[in-house]
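Data block for work.pdb (PDB, C-alpha atoms):
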ATOM      1  CA  MET X   1      29.709  33.267 -42.503  1.00  0.00           C
ATOM      2  CA  SER X   2      27.390  30.313 -42.313  1.00  0.00           C
ATOM      3  CA  LEU X   3      28.042  26.603 -42.129  1.00  0.00           C
ATOM      4  CA  GLN X   4      27.214  26.452 -45.819  1.00  0.00           C
ATOM      5  CA  ASP X   5      30.303  28.598 -46.466  1.00  0.00           C
ATOM      6  CA  SER X   6      32.576  26.042 -44.803  1.00  0.00           C
ATOM      7  CA  ILE X   7      33.642  22.543 -45.657  1.00  0.00           C
ATOM      8  CA  PRO X   8      34.418  20.286 -42.688  1.00  0.00           C
ATOM      9  CA  PHE X   9      37.808  18.636 -43.080  1.00  0.00           C
ATOM     10  CA  GLU X  10      39.871  16.405 -40.842  1.00  0.00           C
ATOM     11  CA  ASN X  11      43.610  16.311 -41.279  1.00  0.00           C
ATOM     12  CA  PHE X  12      43.670  12.845 -39.749  1.00  0.00           C
ATOM     13  CA  SER X  13      41.159  10.075 -40.208  1.00  0.00           C
ATOM     14  CA  ALA X  14      40.663   9.434 -36.490  1.00  0.00           C
ATOM     15  CA  GLY X  15      39.475  12.972 -35.690  1.00  0.00           C
ATOM     16  CA  THR X  16      41.099  15.138 -33.069  1.00  0.00           C
ATOM     17  CA  TYR X  17      44.323  14.422 -31.248  1.00  0.00           C
ATOM     18  CA  PRO X  18      44.665  16.189 -27.905  1.00  0.00           C
ATOM     19  CA  PHE X  19      48.281  16.512 -26.875  1.00  0.00           C
ATOM     20  CA  GLU X  20      50.366  18.444 -24.395  1.00  0.00           C
ATOM     21  CA  PHE X  21      53.773  19.962 -24.869  1.00  0.00           C
ATOM     22  CA  THR X  22      56.161  22.024 -22.798  1.00  0.00           C
ATOM     23  CA  TYR X  23      58.149  24.876 -24.299  1.00  0.00           C
ATOM     24  CA  ASN X  24      61.910  24.333 -24.419  1.00  0.00           C
ATOM     25  CA  VAL X  25      61.538  20.565 -23.979  1.00  0.00           C
ATOM     26  CA  MET X  26      62.173  18.419 -27.033  1.00  0.00           C
ATOM     27  CA  THR X  27      61.121  14.788 -27.134  1.00  0.00           C
ATOM     28  CA  ASN X  28      62.309  12.188 -29.612  1.00  0.00           C
ATOM     29  CA  ASN X  29      59.009  10.355 -29.825  1.00  0.00           C
ATOM     30  CA  ASP X  30      56.717  13.327 -30.407  1.00  0.00           C
ATOM     31  CA  ASP X  31      55.771  13.142 -34.090  1.00  0.00           C
ATOM     32  CA  TYR X  32      53.088  15.760 -33.482  1.00  0.00           C
ATOM     33  CA  GLN X  33      55.684  18.531 -33.327  1.00  0.00           C
ATOM     34  CA  GLN X  34      56.192  18.631 -37.089  1.00  0.00           C
ATOM     35  CA  TYR X  35      52.423  18.761 -37.672  1.00  0.00           C
ATOM     36  CA  PHE X  36      51.210  21.135 -34.977  1.00  0.00           C
ATOM     37  CA  LEU X  37      53.861  23.176 -33.160  1.00  0.00           C
ATOM     38  CA  SER X  38      54.489  26.546 -34.734  1.00  0.00           C
ATOM     39  CA  GLU X  39      54.986  30.244 -34.286  1.00  0.00           C
ATOM     40  CA  GLY X  40      51.240  30.581 -34.811  1.00  0.00           C
ATOM     41  CA  LEU X  41      50.523  28.979 -31.431  1.00  0.00           C
ATOM     42  CA  ASN X  42      52.571  31.734 -29.773  1.00  0.00           C
ATOM     43  CA  VAL X  43      50.575  34.655 -31.174  1.00  0.00           C
ATOM     44  CA  PRO X  44      47.746  34.585 -28.557  1.00  0.00           C
ATOM     45  CA  LEU X  45      50.218  34.466 -25.652  1.00  0.00           C
ATOM     46  CA  GLN X  46      50.494  38.261 -25.568  1.00  0.00           C
ATOM     47  CA  PHE X  47      46.717  38.557 -25.120  1.00  0.00           C
ATOM     48  CA  VAL X  48      45.752  35.657 -22.830  1.00  0.00           C
ATOM     49  CA  GLY X  49      46.474  34.462 -19.319  1.00  0.00           C
ATOM     50  CA  ASP X  50      46.755  31.188 -17.471  1.00  0.00           C
ATOM     51  CA  GLY X  51      43.933  28.801 -18.324  1.00  0.00           C
ATOM     52  CA  ALA X  52      42.796  30.713 -21.413  1.00  0.00           C
ATOM     53  CA  GLU X  53      41.161  28.739 -24.205  1.00  0.00           C
ATOM     54  CA  VAL X  54      41.105  29.964 -27.788  1.00  0.00           C
ATOM     55  CA  SER X  55      40.297  28.781 -31.294  1.00  0.00           C
ATOM     56  CA  LEU X  56      42.923  29.525 -33.908  1.00  0.00           C
ATOM     57  CA  ILE X  57      43.395  29.591 -37.623  1.00  0.00           C
ATOM     58  CA  VAL X  58      47.142  29.549 -38.245  1.00  0.00           C
ATOM     59  CA  PRO X  59      48.233  30.665 -41.726  1.00  0.00           C
ATOM     60  CA  PHE X  60      50.764  28.335 -43.322  1.00  0.00           C
ATOM     61  CA  GLN X  61      53.376  31.138 -43.371  1.00  0.00           C
ATOM     62  CA  ILE X  62      53.667  30.935 -39.563  1.00  0.00           C
ATOM     63  CA  GLY X  63      52.516  27.358 -39.274  1.00  0.00           C
ATOM     64  CA  SER X  64      54.301  24.118 -38.568  1.00  0.00           C
ATOM     65  CA  THR X  65      56.918  22.505 -40.762  1.00  0.00           C
ATOM     66  CA  TYR X  66      54.196  20.366 -42.302  1.00  0.00           C
ATOM     67  CA  ALA X  67      51.815  23.280 -42.920  1.00  0.00           C
ATOM     68  CA  SER X  68      54.542  25.401 -44.490  1.00  0.00           C
ATOM     69  CA  SER X  69      55.701  22.584 -46.756  1.00  0.00           C
ATOM     70  CA  TYR X  70      52.203  21.915 -48.104  1.00  0.00           C
ATOM     71  CA  TYR X  71      50.840  25.499 -47.964  1.00  0.00           C
ATOM     72  CA  THR X  72      48.130  24.333 -45.585  1.00  0.00           C
ATOM     73  CA  PRO X  73      46.569  26.602 -42.938  1.00  0.00           C
ATOM     74  CA  MET X  74      45.697  24.814 -39.704  1.00  0.00           C
ATOM     75  CA  TYR X  75      42.519  25.205 -37.657  1.00  0.00           C
ATOM     76  CA  PHE X  76      42.750  24.497 -33.933  1.00  0.00           C
ATOM     77  CA  GLU X  77      39.291  24.136 -32.449  1.00  0.00           C
ATOM     78  CA  ARG X  78      40.562  24.448 -28.888  1.00  0.00           C
ATOM     79  CA  VAL X  79      43.959  25.480 -27.561  1.00  0.00           C
ATOM     80  CA  LYS X  80      44.355  25.803 -23.803  1.00  0.00           C
ATOM     81  CA  TYR X  81      47.293  27.708 -22.343  1.00  0.00           C
ATOM     82  CA  VAL X  82      48.414  26.529 -18.899  1.00  0.00           C
ATOM     83  CA  TRP X  83      51.246  28.093 -16.922  1.00  0.00           C
ATOM     84  CA  ARG X  84      53.154  25.671 -14.723  1.00  0.00           C
ATOM     85  CA  ASP X  85      56.029  26.203 -12.307  1.00  0.00           C
TER
END
Show me the file's structure as structure tokens.
Amino acid sequence: MSLQDSIPFENFSAGTYPFEFTYNVMTNNDDYQQYFLSEGLNVPLQFVGDGAEVSLIVPFQIGSTYASSYYTPMYFERVKYVWRD
């Protein structure tokens, strides 16, 4: 696959949005949850350890509420998994 086979696309006009979340903690002001959090982010957990960084393509079937509603796969350029006590 070459760059000519791909079309760059940003889901948001301002580019990337780094954010941090903690499993089992819901926040009322985190609008990113509906766009990004999904079962697809859990898949690498069985293969990686603390501090691992991966790139992911999450199919809409296991994607966020937004992705599932609009049949949109999501590409995550960098996801870092950090274990905290």
Going by the chain IDs and residue numbers used in this file, which residues fall under the PyMOL selection byres ((chain X and resi 59-63) around 7)? Write them as a ChimeraX atom specification.
/X:38-40,57-58,64-65,67-68,71-74
Any idea what's packed within 7 Å of Phe76 (chain X), counting all atoms listed in the file, ignoring anything in its chain fewer than 3 positions away? Could you give it as a CSV table (one decimal) with C-alpha atoms, in the frame of the given file?
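See selection_12.csv below for the written result:
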chain,number,residue,atom,x,y,z
X,55,SER,CA,40.3,28.8,-31.3
X,56,LEU,CA,42.9,29.5,-33.9
X,57,ILE,CA,43.4,29.6,-37.6
X,79,VAL,CA,44.0,25.5,-27.6
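Counting from CA of Tyr66 (chain X), the distance to CA of Phe36 (chain X) is 7.9 Å.
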With all atoms listed in the file as the atoms that count, which of X:Glu77, X:Ser69, X:Trp83, X:Gln34 lies nearest to Gly51 (chain X)?
X:Trp83
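Across the structure, CA of Arg84 (chain X) and CA of Phe47 (chain X) are spaced 17.8 Å apart.
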CA of Tyr35 (chain X) to CA of Glu53 (chain X), straight-line distance in Å
20.2 Å
